[in-house]
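model28.cif, holding mmCIF, C-alpha atoms and all ligand atoms:
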```cif
data_structure
#
loop_
_atom_site.label_atom_id
_atom_site.label_comp_id
_atom_site.auth_asym_id
_atom_site.auth_seq_id
_atom_site.Cartn_x
_atom_site.Cartn_y
_atom_site.Cartn_z
CA MET N 1 -137.99 54.08 151.30
CA HIS N 2 -137.09 50.60 150.03
CA LYS N 3 -139.98 50.70 147.56
CA GLU N 4 -139.14 54.15 146.27
CA LEU N 5 -135.45 53.28 145.88
CA GLU N 6 -136.38 50.08 144.06
CA SER N 7 -138.57 52.06 141.70
CA LEU N 8 -135.73 54.53 141.04
CA ARG N 9 -133.44 51.57 140.26
CA GLU N 10 -136.00 50.12 137.83
CA ARG N 11 -136.28 53.46 136.03
CA GLN N 12 -132.47 53.78 135.92
CA GLN N 13 -132.76 56.93 138.02
CA PHE N 14 -130.93 55.68 141.10
CA ARG N 15 -128.07 57.95 142.19
CA SER N 16 -125.13 57.56 144.53
CA ILE N 17 -122.17 59.65 145.66
CA THR N 18 -118.56 58.90 144.62
CA ASP N 19 -115.40 60.28 146.27
CA SER N 20 -113.69 62.74 143.92
CA GLU N 21 -110.47 64.73 144.47
CA PRO N 22 -109.94 67.39 141.75
CA GLN N 23 -106.33 67.83 140.59
CA PRO N 24 -104.83 71.16 139.47
CA ASP N 25 -104.24 69.95 135.89
CA GLY N 26 -107.91 69.37 134.99
CA TRP N 27 -107.89 65.74 136.11
CA VAL N 28 -109.65 64.17 139.10
CA ILE N 29 -109.05 61.14 141.30
CA ARG N 30 -112.38 59.34 141.41
CA SER N 31 -112.68 56.22 143.57
CA GLY N 32 -108.91 55.97 143.44
CA GLN N 33 -108.73 56.20 139.61
CA ARG N 34 -107.19 59.18 137.79
CA MET N 35 -109.61 60.55 135.18
CA LEU N 36 -109.80 63.57 132.90
CA ASN N 37 -112.34 65.80 134.62
CA LEU N 38 -115.05 66.64 132.08
CA ALA N 39 -117.72 67.02 134.75
CA SER N 40 -116.58 70.00 136.80
CA ASN N 41 -118.00 73.51 137.05
CA GLN N 42 -114.60 75.01 137.89
CA TYR N 43 -114.40 76.25 134.31
CA LEU N 44 -111.30 78.41 134.79
CA GLY N 45 -109.43 75.82 136.83
CA MET N 46 -109.19 78.16 139.83
CA ASP N 47 -107.36 76.88 142.89
CA CYS N 48 -108.86 78.51 145.95
CA ALA N 49 -106.73 76.89 148.58
CA TRP N 50 -105.38 80.17 149.94
CA ALA N 51 -106.80 83.25 151.60
CA ALA N 52 -106.43 86.66 149.99
CA PRO N 53 -103.06 88.35 150.70
CA GLY N 54 -103.45 90.63 153.69
CA LEU N 55 -106.59 88.86 154.76
CA GLU N 56 -104.89 85.75 156.18
CA THR N 57 -106.35 86.29 159.65
CA ALA N 58 -109.81 85.79 158.22
CA SER N 59 -108.77 82.35 157.05
CA ALA N 60 -108.76 81.25 160.68
CA GLY N 61 -112.49 81.78 160.79
CA MET N 62 -114.41 78.71 159.72
CA GLY N 63 -117.49 79.56 161.75
CA ALA N 64 -119.25 82.93 161.46
CA GLY N 65 -121.08 82.14 164.68
CA ALA N 66 -124.45 83.63 163.78
CA SER N 67 -126.67 84.92 161.01
CA ARG N 68 -125.48 88.04 159.18
CA LEU N 69 -128.28 89.96 160.91
CA VAL N 70 -127.07 88.95 164.38
CA THR N 71 -123.28 88.88 164.94
CA GLY N 72 -122.14 86.82 161.93
CA ASN N 73 -121.33 89.68 159.54
CA HIS N 74 -117.52 89.77 159.30
CA PRO N 75 -116.26 93.15 157.96
CA LEU N 76 -114.77 91.24 155.03
CA CYS N 77 -118.30 90.41 153.93
CA THR N 78 -119.23 94.10 153.76
CA ARG N 79 -116.01 94.92 151.94
CA LEU N 80 -116.55 92.20 149.35
CA GLU N 81 -120.14 93.36 148.80
CA GLN N 82 -119.09 96.98 148.26
CA GLU N 83 -116.24 96.17 145.90
CA PHE N 84 -118.17 93.51 144.01
CA ALA N 85 -121.10 95.91 143.44
CA ARG N 86 -118.67 98.41 141.91
CA PHE N 87 -117.27 95.65 139.71
CA LYS N 88 -120.73 94.60 138.54
CA GLY N 89 -121.77 98.22 137.95
CA THR N 90 -124.73 97.98 140.34
CA GLU N 91 -125.65 100.10 143.36
CA SER N 92 -125.37 97.19 145.72
CA CYS N 93 -124.58 93.54 146.22
CA LEU N 94 -125.81 91.09 148.84
CA LEU N 95 -123.83 87.95 149.73
CA LEU N 96 -125.70 84.77 150.55
CA SER N 97 -124.58 81.23 151.29
CA SER N 98 -124.95 79.09 148.18
CA GLY N 99 -126.64 79.72 144.82
CA TYR N 100 -129.34 77.29 145.89
CA MET N 101 -129.98 79.33 149.03
CA ALA N 102 -130.12 82.55 147.00
CA ASN N 103 -132.77 81.20 144.64
CA ILE N 104 -134.96 79.65 147.32
CA GLY N 105 -134.77 82.81 149.42
CA VAL N 106 -134.99 85.60 146.89
CA ILE N 107 -137.88 84.39 144.71
CA PRO N 108 -140.35 83.95 147.61
CA ALA N 109 -139.26 87.33 148.98
CA LEU N 110 -140.19 89.03 145.71
CA VAL N 111 -143.51 87.40 144.85
CA GLY N 112 -146.32 85.67 146.72
CA ARG N 113 -149.73 84.02 146.41
CA SER N 114 -151.44 86.59 144.20
CA ASP N 115 -148.47 87.03 141.84
CA CYS N 116 -147.22 85.40 138.63
CA ILE N 117 -143.82 83.90 137.77
CA PHE N 118 -142.76 83.21 134.20
CA SER N 119 -140.03 80.61 134.10
CA ASP N 120 -138.10 79.01 131.24
CA ARG N 121 -138.88 75.29 131.24
CA LEU N 122 -135.17 74.40 131.48
CA ASN N 123 -134.39 76.63 134.46
CA HIS N 124 -132.28 75.13 137.23
CA ALA N 125 -133.93 73.10 140.02
CA SER N 126 -133.08 75.74 142.64
CA ILE N 127 -135.20 78.25 140.71
CA MET N 128 -138.05 75.75 140.56
CA ASP N 129 -137.80 75.20 144.32
CA GLY N 130 -137.85 78.96 144.93
CA ILE N 131 -140.98 79.20 142.80
CA VAL N 132 -142.73 76.45 144.75
CA LEU N 133 -141.85 78.14 148.05
CA SER N 134 -143.20 81.48 146.82
CA ARG N 135 -146.73 80.02 146.26
CA ALA N 136 -147.07 82.34 143.25
CA GLU N 137 -148.77 81.08 140.12
CA CYS N 138 -146.07 79.67 137.84
CA ARG N 139 -146.26 79.72 134.06
CA ARG N 140 -143.44 77.75 132.46
CA TYR N 141 -142.68 78.72 128.89
CA PRO N 142 -140.95 76.36 126.42
CA HIS N 143 -137.20 76.83 126.33
CA ARG N 144 -136.34 80.32 124.98
CA ASP N 145 -139.80 80.62 123.38
CA LEU N 146 -140.43 84.38 123.46
CA ASP N 147 -143.78 84.21 121.66
CA ARG N 148 -145.19 81.88 124.28
CA LEU N 149 -143.77 84.01 127.03
CA GLU N 150 -145.38 87.10 125.56
CA ALA N 151 -148.75 85.32 125.27
CA GLN N 152 -148.49 84.33 128.94
CA LEU N 153 -147.54 87.86 130.00
CA LYS N 154 -150.59 89.23 128.18
CA LYS N 155 -152.87 86.92 130.15
CA ALA N 156 -151.46 87.74 133.61
CA PRO N 157 -154.15 89.07 135.96
CA ALA N 158 -154.14 92.84 136.41
CA GLY N 159 -152.60 93.82 139.73
CA ALA N 160 -150.41 90.71 140.00
CA ARG N 161 -146.69 91.30 140.41
CA LYS N 162 -144.92 89.69 137.48
CA LEU N 163 -141.47 88.10 137.69
CA ILE N 164 -139.64 86.62 134.69
CA VAL N 165 -136.83 84.33 135.79
CA THR N 166 -134.19 82.65 133.66
CA ASP N 167 -130.77 81.04 133.75
CA SER N 168 -128.30 83.07 131.66
CA ILE N 169 -126.62 79.83 130.51
CA PHE N 170 -128.67 76.68 130.92
CA SER N 171 -126.69 74.32 133.08
CA MET N 172 -127.55 71.01 131.40
CA ASP N 173 -127.81 72.31 127.82
CA GLY N 174 -125.18 74.99 127.39
CA SER N 175 -127.72 77.17 125.59
CA ILE N 176 -127.86 80.92 126.21
CA ALA N 177 -130.95 82.90 127.25
CA PRO N 178 -132.12 85.66 124.85
CA LEU N 179 -131.45 88.36 127.42
CA ARG N 180 -131.94 91.39 125.14
CA GLU N 181 -135.38 90.18 124.09
CA LEU N 182 -136.32 89.29 127.66
CA VAL N 183 -135.45 92.81 128.78
CA GLU N 184 -137.69 94.25 126.03
CA LEU N 185 -140.57 92.00 127.05
CA LYS N 186 -140.33 92.69 130.76
CA ASP N 187 -140.34 96.43 130.07
CA ARG N 188 -143.34 96.16 127.76
CA TYR N 189 -145.41 94.18 130.28
CA GLY N 190 -144.23 95.81 133.52
CA ALA N 191 -142.51 92.70 134.87
CA MET N 192 -139.32 92.30 136.92
CA LEU N 193 -136.48 90.23 135.45
CA MET N 194 -134.25 87.92 137.50
CA VAL N 195 -131.24 86.35 135.76
CA ASP N 196 -129.21 83.50 137.28
CA GLU N 197 -125.59 83.93 136.14
CA ALA N 198 -124.30 80.77 137.85
CA HIS N 199 -122.66 79.54 134.63
CA SER N 200 -121.68 82.87 133.07
CA GLY N 201 -120.20 84.71 136.08
CA GLY N 202 -116.41 84.97 135.77
CA LEU N 203 -116.54 83.94 132.10
CA TYR N 204 -118.08 86.80 130.10
CA SER N 205 -117.21 90.49 129.71
CA GLU N 206 -113.81 92.11 130.03
CA GLU N 207 -113.10 91.02 133.62
CA GLY N 208 -115.67 88.27 134.01
CA GLN N 209 -118.55 90.48 135.17
CA GLY N 210 -120.93 88.14 133.38
CA LEU N 211 -123.23 87.91 130.41
CA ILE N 212 -125.56 90.74 131.47
CA HIS N 213 -122.61 93.10 131.70
CA SER N 214 -121.16 91.98 128.37
CA LEU N 215 -124.49 92.75 126.68
CA ARG N 216 -124.61 96.18 128.41
CA LEU N 217 -127.84 95.29 130.16
CA THR N 218 -126.70 96.01 133.72
CA ASP N 219 -129.20 98.82 134.28
CA ARG N 220 -132.06 96.84 132.80
CA VAL N 221 -132.03 93.63 134.84
CA GLU N 222 -133.54 94.20 138.29
CA ILE N 223 -132.18 91.07 139.98
CA GLN N 224 -128.78 89.64 139.02
CA MET N 225 -127.94 86.43 140.82
CA GLY N 226 -124.64 84.56 140.62
CA THR N 227 -122.52 82.02 142.44
CA PHE N 228 -118.89 81.73 143.49
CA SER N 229 -119.05 77.95 143.29
CA LYS N 230 -118.40 77.51 139.57
CA ALA N 231 -115.90 79.59 137.53
CA TYR N 232 -114.70 81.24 140.78
CA GLY N 233 -113.92 77.81 142.21
CA ALA N 234 -115.06 78.75 145.73
CA TYR N 235 -118.45 78.87 147.45
CA GLY N 236 -121.19 81.40 148.11
CA SER N 237 -123.53 83.52 146.04
CA TYR N 238 -124.57 87.11 145.43
CA ILE N 239 -127.51 89.21 144.37
CA ALA N 240 -126.55 92.42 142.55
CA GLY N 241 -129.05 95.21 141.96
CA ASP N 242 -130.13 98.54 143.35
CA ALA N 243 -129.87 99.59 146.99
CA LEU N 244 -133.61 99.22 147.56
CA LEU N 245 -133.46 95.58 146.46
CA LYS N 246 -130.67 94.88 148.93
CA GLU N 247 -132.51 96.57 151.80
CA TYR N 248 -135.69 94.69 150.91
CA LEU N 249 -134.00 91.28 150.70
CA THR N 250 -132.11 91.88 153.94
CA ASN N 251 -135.52 92.14 155.58
CA LYS N 252 -137.40 89.51 153.60
CA ALA N 253 -135.13 86.73 152.27
CA ARG N 254 -135.51 83.89 154.77
CA SER N 255 -132.43 82.02 153.49
CA LEU N 256 -130.33 85.05 154.44
CA ILE N 257 -132.01 85.82 157.74
CA PHE N 258 -132.35 82.32 159.20
CA THR N 259 -128.95 80.79 158.44
CA THR N 260 -125.40 81.26 159.68
CA ALA N 261 -123.30 83.65 157.58
CA LEU N 262 -120.61 82.39 155.20
CA PRO N 263 -117.37 81.54 157.07
CA PRO N 264 -114.83 84.40 156.93
CA ALA N 265 -112.30 81.92 155.53
CA VAL N 266 -114.60 81.24 152.59
CA ILE N 267 -115.21 84.94 151.96
CA SER N 268 -111.45 85.46 151.98
CA ALA N 269 -111.01 82.68 149.41
CA VAL N 270 -113.79 84.19 147.26
CA TYR N 271 -112.06 87.56 147.45
CA ARG N 272 -108.75 86.15 146.31
CA SER N 273 -110.29 84.09 143.57
CA TRP N 274 -112.26 87.05 142.24
CA GLN N 275 -109.10 89.24 142.11
CA SER N 276 -107.41 86.54 140.12
CA VAL N 277 -110.36 85.75 137.82
CA LYS N 278 -110.54 89.42 136.76
CA GLY N 279 -107.13 89.08 135.11
CA HIS N 280 -107.74 85.70 133.46
CA ARG N 281 -108.64 87.01 129.99
CA VAL N 282 -106.53 84.35 128.33
CA ARG N 283 -108.21 81.54 130.26
CA ARG N 284 -111.67 82.89 129.35
CA ALA N 285 -110.75 82.91 125.66
CA GLU N 286 -109.04 79.50 125.85
CA LEU N 287 -112.11 77.97 127.48
CA GLN N 288 -114.36 79.07 124.62
CA ARG N 289 -111.83 78.04 121.98
CA LYS N 290 -111.50 74.54 123.47
CA ALA N 291 -115.27 74.19 123.89
CA ALA N 292 -115.92 75.20 120.27
CA LEU N 293 -113.44 72.60 119.04
CA PHE N 294 -114.86 69.90 121.31
CA ARG N 295 -118.44 70.66 120.22
CA GLN N 296 -117.50 70.75 116.55
CA ARG N 297 -115.74 67.36 116.74
CA LEU N 298 -118.80 65.74 118.36
CA GLN N 299 -121.15 67.28 115.81
CA GLU N 300 -118.97 66.23 112.89
CA ALA N 301 -119.03 62.69 114.27
CA GLY N 302 -122.83 62.85 114.05
CA PHE N 303 -123.73 63.35 117.73
CA ASP N 304 -126.52 65.51 119.11
CA THR N 305 -125.05 68.33 121.23
CA GLY N 306 -128.44 69.98 121.80
CA GLY N 307 -128.45 73.76 121.79
CA SER N 308 -124.93 74.13 123.20
CA GLU N 309 -123.25 77.46 122.48
CA CYS N 310 -120.60 77.58 125.18
CA HIS N 311 -118.35 75.63 127.55
CA ILE N 312 -121.14 73.20 128.55
CA VAL N 313 -121.58 70.56 125.84
CA PRO N 314 -124.21 67.85 126.28
CA LEU N 315 -124.13 64.58 124.38
CA VAL N 316 -127.85 63.88 124.19
CA LEU N 317 -128.46 60.13 124.12
CA GLY N 318 -132.17 59.73 124.94
CA SER N 319 -132.65 56.77 127.26
CA ASN N 320 -131.37 56.59 130.82
CA GLU N 321 -129.90 53.18 130.08
CA LYS N 322 -127.81 54.44 127.19
CA ALA N 323 -126.56 57.45 129.15
CA LEU N 324 -125.56 55.24 132.09
CA LYS N 325 -123.78 52.78 129.82
CA VAL N 326 -121.80 55.49 128.01
CA SER N 327 -120.88 57.18 131.30
CA GLU N 328 -119.71 53.86 132.78
CA LYS N 329 -117.56 53.05 129.75
CA LEU N 330 -116.05 56.54 129.68
CA GLN N 331 -115.11 56.23 133.35
CA GLN N 332 -113.55 52.82 132.72
CA GLU N 333 -111.35 54.49 130.10
CA GLY N 334 -110.35 57.34 132.40
CA ILE N 335 -112.87 60.08 131.59
CA ALA N 336 -115.04 61.52 134.37
CA ALA N 337 -118.34 62.26 132.65
CA VAL N 338 -121.61 61.82 134.43
CA ALA N 339 -124.98 60.63 133.10
CA ILE N 340 -127.64 63.29 133.61
CA ARG N 341 -131.15 61.85 133.76
CA PRO N 342 -134.68 62.97 134.58
CA PRO N 343 -135.82 64.75 136.67
CA THR N 344 -132.72 66.92 136.12
CA VAL N 345 -133.50 66.94 132.38
CA PRO N 346 -136.81 66.23 130.57
CA GLU N 347 -137.89 62.61 130.11
CA GLY N 348 -136.27 60.98 127.03
CA THR N 349 -133.33 63.41 126.90
CA ALA N 350 -130.83 61.68 129.19
CA ARG N 351 -127.32 62.79 128.34
CA ILE N 352 -123.70 63.07 129.25
CA ARG N 353 -122.99 66.63 130.31
CA PHE N 354 -119.45 67.57 129.37
CA SER N 355 -118.03 70.73 130.85
CA LEU N 356 -114.73 72.11 129.64
CA MET N 357 -112.03 73.75 131.72
CA ALA N 358 -109.51 76.33 130.50
CA THR N 359 -106.80 74.20 132.09
CA HIS N 360 -107.50 71.10 130.00
CA SER N 361 -104.61 70.61 127.59
CA ASP N 362 -105.31 70.24 123.86
CA GLU N 363 -103.65 66.81 123.94
CA ASP N 364 -105.86 65.60 126.80
CA LEU N 365 -108.99 66.82 125.01
CA GLN N 366 -107.89 65.17 121.78
CA TRP N 367 -107.34 61.91 123.66
CA ALA N 368 -110.77 62.21 125.31
CA MET N 369 -112.62 63.06 122.10
CA GLU N 370 -111.34 59.94 120.34
CA ARG N 371 -112.68 57.79 123.18
CA ILE N 372 -115.98 59.64 123.45
CA ILE N 373 -116.64 59.23 119.73
CA ARG N 374 -115.73 55.53 119.75
CA ILE N 375 -117.81 54.72 122.84
CA GLY N 376 -120.72 56.90 121.65
CA ARG N 377 -120.78 54.94 118.37
CA GLU N 378 -120.54 51.55 120.10
CA GLU N 379 -123.49 52.38 122.32
CA GLY N 380 -125.47 54.59 119.95
C1 LIG N 401 -128.23 77.72 137.16
C2 LIG N 401 -127.84 77.37 138.57
N1 LIG N 401 -128.30 78.13 139.57
C3 LIG N 401 -127.97 77.86 140.85
C4 LIG N 401 -127.16 76.81 141.18
C5 LIG N 401 -126.84 76.55 142.61
O1 LIG N 401 -125.62 77.13 142.93
P1 LIG N 401 -124.74 76.57 144.14
O2 LIG N 401 -124.05 75.36 143.64
O3 LIG N 401 -123.83 77.69 144.48
O4 LIG N 401 -125.70 76.25 145.24
C6 LIG N 401 -126.63 76.01 140.17
C7 LIG N 401 -125.68 74.93 140.51
O5 LIG N 401 -125.83 73.80 140.36
C8 LIG N 401 -127.00 76.27 138.83
O6 LIG N 401 -126.57 75.49 137.84
#
```
Produce C-alpha cells that represent the structure in this file.
Ligand SMILES: Cc1ncc(COP(=O)(O)O)c(C=O)c1O
Amino acid sequence: MHKELESLRERQQFRSITDSEPQPDGWVIRSGQRMLNLASNQYLGMDCAWAAPGLETASAGMGAGASRLVTGNHPLCTRLEQEFARFKGTESCLLLSSGYMANIGVIPALVGRSDCIFSDRLNHASIMDGIVLSRAECRRYPHRDLDRLEAQLKKAPAGARKLIVTDSIFSMDGSIAPLRELVELKDRYGAMLMVDEAHSGGLYSEEGQGLIHSLRLTDRVEIQMGTFSKAYGAYGSYIAGDALLKEYLTNKARSLIFTTALPPAVISAVYRSWQSVKGHRVRRAELQRKAALFRQRLQEAGFDTGGSECHIVPLVLGSNEKALKVSEKLQQEGIAAVAIRPPTVPEGTARIRFSLMATHSDEDLQWAMERIIRIGREEG
C-alpha cells in the first residue's frame, strides 16, 4: 500500500477527501472556508432537506430493513416507480440504490460471456465496471465516433447479443451523445441501446424528463438509466423501459437483489424533489444561459473547454501538475473547483471540471470568471 500510494503521489494522482458543506446560495464551506461551488452536480440547486408533504411518516424510516425482494419494499417505492414511469412515458420504472449500483447491476444482467458491448471511450467509470463484471467482449469506440462504432457492429459475431451503452451527457467533458444516430445504428444492427441520463435527468424536456424524452426517442431506447443524485439533489437511481425489462432485472440484477432497499426517508425526499423539479422551467433555462456565458468567456480568453455543450464546462490543462496547481490557487481565492486527472480522464487531458448551478448569481459567476482567467493565464 505504501509503495502504491507513493507511486500515485509521484504521478500527481494522489487523492484525498475534504469536508464540504453545501450552502443554499451556490456556495460551499470547504475545510472551514467559504467558496463558490463550481464543483457540484446539484445543477438546479435543489434543497432536499424535507420529506414530501403528506409523506412525512416515511421520513422516519432511515432503514428499509431488507432487500426490496424480501421485506424492504416500502409502498412509497412502488408509488414512485409507477408515477415516474408515467412521467418518463415508459411502461415501467425500477428504483435502485445509486447510479453506480444501477450500472454495475444492469449491464451484467443484460449481457454475458458470449456477447458484445459497444461503449463510448469516455463513458463513466460505473459503466466500465458494469462491463467488466458482465465478462462480455467490450469494444470501445472513440468518443462519439459513429463510423468506428458501425465498423465494430459489422464485425460482431453472429448470435452474440449486442449492447450499445453511452452517457447522454459526458460527465467530465460536457459533450452530448449523438442519440438520434445511435438509435438508427442499433436498429440497423439489431443491438440494444442503454443510455445513462445521470447528467441530463431533470434538466432537459418540458418537465425535466431528460434528453431522450426531449428528442422524442422514448420508444426507441430500450434501457434508460438515470440518477436522483445530481439535478434532483437527492440519492438513488432508476431504470425506465418496458415491463419485460423490469421483470427481467428484478430477477437478474444482483445490485438490486443483494442489497438493502433505499431508505423510505430518501424515497420521500426524491419524491418531493421530483415534484419540485418538474416546475423549475426557469431554473433549467437559467442554468443553460449561465453555462453558455461562462463557456464563451473562457473560450474568448483562449482556453480549451473541450467539447462542452452544456452546464459542465471543463478547462482542459493537460498535465496533472498544472491542473493541481490551478485548482489549489482557485481554492485559495475562494472557488471550489477540483482537478480531474487520469484515470478519470485520458492521460494528458487533466482538467478543472466546472459545473454550473442555476442558483449561482450572475455577479458571483462574473467574480469567479475574472479569477479563473487570471489564474489560468498565470499557470498556463
Ligand atoms: C454518467 C454517470 N453515471 C453514473 C453515475 C453514478 O451515479 P451515482 O452518483 O448516483 O452513483 C455518475 C456519477 O458520478 C455519472 O456521472
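Shortest atom-to-atom contact with Glu378 of chain N among N:Lys322, N:His2, N:Ser97, N:Tyr238: N:Lys322, counting all atoms listed in the file.
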Contacts with ligand LIG 401 (chain N) at most 10 Å, only C-alpha atoms and all ligand atoms counted, listed as a PDB file with C-alpha atoms, in the coordinates of the input:
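Generated file (out_10.pdb):
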```
ATOM      1  CA  ASN N  41    -118.000  73.510 137.050  1.00  0.00           C
ATOM      2  CA  LEU N  96    -125.700  84.770 150.550  1.00  0.00           C
ATOM      3  CA  SER N  97    -124.580  81.230 151.290  1.00  0.00           C
ATOM      4  CA  SER N  98    -124.950  79.090 148.180  1.00  0.00           C
ATOM      5  CA  GLY N  99    -126.640  79.720 144.820  1.00  0.00           C
ATOM      6  CA  TYR N 100    -129.340  77.290 145.890  1.00  0.00           C
ATOM      7  CA  MET N 101    -129.980  79.330 149.030  1.00  0.00           C
ATOM      8  CA  ALA N 102    -130.120  82.550 147.000  1.00  0.00           C
ATOM      9  CA  ASN N 103    -132.770  81.200 144.640  1.00  0.00           C
ATOM     10  CA  ILE N 104    -134.960  79.650 147.320  1.00  0.00           C
ATOM     11  CA  LEU N 122    -135.170  74.400 131.480  1.00  0.00           C
ATOM     12  CA  ASN N 123    -134.390  76.630 134.460  1.00  0.00           C
ATOM     13  CA  HIS N 124    -132.280  75.130 137.230  1.00  0.00           C
ATOM     14  CA  ALA N 125    -133.930  73.100 140.020  1.00  0.00           C
ATOM     15  CA  SER N 126    -133.080  75.740 142.640  1.00  0.00           C
ATOM     16  CA  ILE N 127    -135.200  78.250 140.710  1.00  0.00           C
ATOM     17  CA  THR N 166    -134.190  82.650 133.660  1.00  0.00           C
ATOM     18  CA  ASP N 167    -130.770  81.040 133.750  1.00  0.00           C
ATOM     19  CA  SER N 168    -128.300  83.070 131.660  1.00  0.00           C
ATOM     20  CA  ILE N 169    -126.620  79.830 130.510  1.00  0.00           C
ATOM     21  CA  PHE N 170    -128.670  76.680 130.920  1.00  0.00           C
ATOM     22  CA  SER N 171    -126.690  74.320 133.080  1.00  0.00           C
ATOM     23  CA  MET N 172    -127.550  71.010 131.400  1.00  0.00           C
ATOM     24  CA  VAL N 195    -131.240  86.350 135.760  1.00  0.00           C
ATOM     25  CA  ASP N 196    -129.210  83.500 137.280  1.00  0.00           C
ATOM     26  CA  GLU N 197    -125.590  83.930 136.140  1.00  0.00           C
ATOM     27  CA  ALA N 198    -124.300  80.770 137.850  1.00  0.00           C
ATOM     28  CA  HIS N 199    -122.660  79.540 134.630  1.00  0.00           C
ATOM     29  CA  SER N 200    -121.680  82.870 133.070  1.00  0.00           C
ATOM     30  CA  MET N 225    -127.940  86.430 140.820  1.00  0.00           C
ATOM     31  CA  GLY N 226    -124.640  84.560 140.620  1.00  0.00           C
ATOM     32  CA  THR N 227    -122.520  82.020 142.440  1.00  0.00           C
ATOM     33  CA  PHE N 228    -118.890  81.730 143.490  1.00  0.00           C
ATOM     34  CA  SER N 229    -119.050  77.950 143.290  1.00  0.00           C
ATOM     35  CA  LYS N 230    -118.400  77.510 139.570  1.00  0.00           C
ATOM     36  CA  ALA N 234    -115.060  78.750 145.730  1.00  0.00           C
ATOM     37  CA  TYR N 235    -118.450  78.870 147.450  1.00  0.00           C
ATOM     38  CA  GLY N 236    -121.190  81.400 148.110  1.00  0.00           C
ATOM     39  CA  SER N 237    -123.530  83.520 146.040  1.00  0.00           C
ATOM     40  CA  TYR N 238    -124.570  87.110 145.430  1.00  0.00           C
TER      41      TYR N 238
END
```
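Residues in contact with Val132 of chain N at up to 12 Å, not including ones fewer than 5 positions away on its chain and judged by only C-alpha atoms, are Asn103, Ile104, Gly105, Ile107, Pro108, Val111, Gly112, Arg113, Cys116, Ile117, Ser119, Ala125, Ser126, Ile127, Glu137, Cys138 and Arg139 of chain N.
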Set the distance at 12 Å and use only C-alpha atoms: which residues neighbour Gln152 of chain N once local chain neighbours fewer than 2 positions away are removed? I'd like the list as number ranges by chain. N: 116-120, 137-142, 145-150, 154-157, 162-164, 185-186, 189, 191
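For the pair atom CA of Met369 of chain N and atom CA of Glu286 of chain N, the interatomic distance is 17.2 Å.
Atom CA of Ser255 of chain N to atom CA of Val106 of chain N spans 7.9 Å [interatomic distance, one decimal].
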Between atom CA of Ser175 of chain N and atom CA of Gly302 of chain N, what is the distance in Å, rounded to a tenth? 19.0 Å
Choose the residue, out of N:Val338, N:Ala240, N:Ala177, N:Ala358, that has the smallest atom-to-atom separation from Arg283 of chain N; count only C-alpha atoms. N:Ala358
Please return, as a compact mmCIF listing (two decimals) with C-alpha atoms, in the frame of the given file, all polymer residues that have at least one atom within 7 Å of the point (-124.3, 64.7, 132.3); use all atoms listed in the file and the file's own coordinate frame.
```txt
# COMPACT_ATOMS: atom_id res chain seq x y z
CA PRO N 314 -124.21 67.85 126.28
CA ALA N 337 -118.34 62.26 132.65
CA VAL N 338 -121.61 61.82 134.43
CA ALA N 339 -124.98 60.63 133.10
CA ILE N 340 -127.64 63.29 133.61
CA ARG N 351 -127.32 62.79 128.34
CA ILE N 352 -123.70 63.07 129.25
CA ARG N 353 -122.99 66.63 130.31
CA PHE N 354 -119.45 67.57 129.37
```
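Each of N:Val277, N:Ala265, N:Val326, N:Leu36 was checked against Ala231 of chain N using all atoms listed in the file; the smallest atom-to-atom distance is that of N:Val277.
Using all atoms listed in the file, the smallest distance between any of N:Gln13, N:Ser31, N:Ser20, N:Ser276 and Thr344 of chain N comes from N:Gln13.
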